[in-house]
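Everything on this sheet refers to the single structure shown next.
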Amino acid sequence: MTTPDPTVLQRLAATIEARKGADPDSSWTAKLFAKGPEKCAEKFGEEAVEAIIEAVKGDREKLAAEAADVLYHLLVMLAARDVSLAEVLAVLEVREGTSGIAEKAARG
């Protein structure tokens, strides 16, 4: 397997953002946006459950496919609430190098 381009999520996020004003009949992403942020969140939850099921089953290929669906629907859900991928990455960057235990304790 070749090394994937790490900017693929940024390109996907930009495509999703561009679909905000698109005709819902021409784009699945636009159709999700037209149904509102609550539906976008619901769809993310459904995809997350499907990924969990594949993780439990241990099928690597299906888990990778479901994880891709989860990432796509996470980006749609974020965009529906005007939260950018850059904002999420900035939070991760701040947390980088910090113990998960320490970071969670600091949240109080």
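Going by the structure tokens order, chains are called A, B, ..., each with residues numbered from 1, while ligands are numbered from 1 in the order shown.
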
In chain A, DSSP alpha helix (DSSP H) residues written as a VMD selection string
chain A and resid 8 to 18 28 to 34 37 to 57 60 to 80 85 to 95 100 to 107

Using only C-alpha atoms, determine which residues lie at most 8 Å from segment 47-63 of chain A, disregarding the query and same-chain residues fewer than 5 positions distant; provide the list as a PyMOL selection string.
chain A and resi 69-70+73

Could you dump the residues just selected with N, CA and C atoms as a JSON list (two decimals), in the first residue's frame?
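The result, stored in selection31.json:
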```json
[["chain", "number", "residue", "atom", "x", "y", "z"],
["A", 69, "ASP", "N", -16.11, 6.45, 6.31],
["A", 69, "ASP", "CA", -17.46, 7.02, 6.42],
["A", 69, "ASP", "C", -17.59, 7.89, 7.67],
["A", 70, "VAL", "N", -17.00, 7.42, 8.77],
["A", 70, "VAL", "CA", -17.05, 8.18, 10.03],
["A", 70, "VAL", "C", -16.35, 9.53, 9.85],
["A", 73, "HIS", "N", -18.51, 11.84, 7.69],
["A", 73, "HIS", "CA", -19.69, 12.34, 8.39],
["A", 73, "HIS", "C", -19.32, 13.23, 9.58]]
```

Tell me, as a VMD selection string, which residues lie within 7 Å of segment 33-41 of chain A, counting only C-alpha atoms; anything in the same chain fewer than 6 positions away does not count.
chain A and resid 20 24 76 to 77 80 to 81

Could those residues be written to a file, using N, CA, C and O atoms, as a compact mmCIF listing (two decimals), in the first residue's frame?
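As a result, again.txt now contains:
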```txt
# COMPACT_ATOMS: atom_id res chain seq x y z
N LYS A 20 -22.08 23.35 0.88
CA LYS A 20 -23.10 23.95 1.74
C LYS A 20 -24.21 24.63 0.95
O LYS A 20 -25.37 24.55 1.33
N PRO A 24 -29.53 20.25 -3.11
CA PRO A 24 -29.62 18.94 -2.45
C PRO A 24 -29.89 17.78 -3.41
O PRO A 24 -29.58 16.64 -3.09
N VAL A 76 -18.82 16.56 7.94
CA VAL A 76 -20.14 17.14 7.60
C VAL A 76 -20.79 17.71 8.85
O VAL A 76 -21.30 18.84 8.85
N MET A 77 -20.77 16.94 9.94
CA MET A 77 -21.37 17.40 11.19
C MET A 77 -20.69 18.68 11.69
O MET A 77 -21.37 19.63 12.09
N ALA A 80 -21.71 21.57 9.51
CA ALA A 80 -23.11 21.96 9.75
C ALA A 80 -23.22 22.91 10.94
O ALA A 80 -24.18 23.68 11.04
N ARG A 81 -22.24 22.85 11.82
CA ARG A 81 -22.22 23.75 12.99
C ARG A 81 -21.11 24.80 12.88
O ARG A 81 -20.72 25.43 13.86
```

Residue among A:Gly97, A:Leu9, A:Ala102, A:Ala86 lying closest to Leu71 of chain A, counting only C-alpha atoms:
A:Leu9

Polymer residues at most 12 Å from Leu12 of chain A, only C-alpha atoms, same-chain spacing of 2 or more positions, as number ranges by chain:
A: 5-10, 14-19, 29, 68-69, 71-76, 79, 84-85

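Atom CA of Glu66 of chain A is positioned 19.4 Å from atom CA of Thr3 of chain A.
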
Atom CA of Ser99 of chain A to atom CA of Ala67 of chain A: how many Å, to one decimal?
24.7 Å

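Note that atom CA of Ser27 of chain A and atom CA of Glu42 of chain A are 18.4 Å apart.
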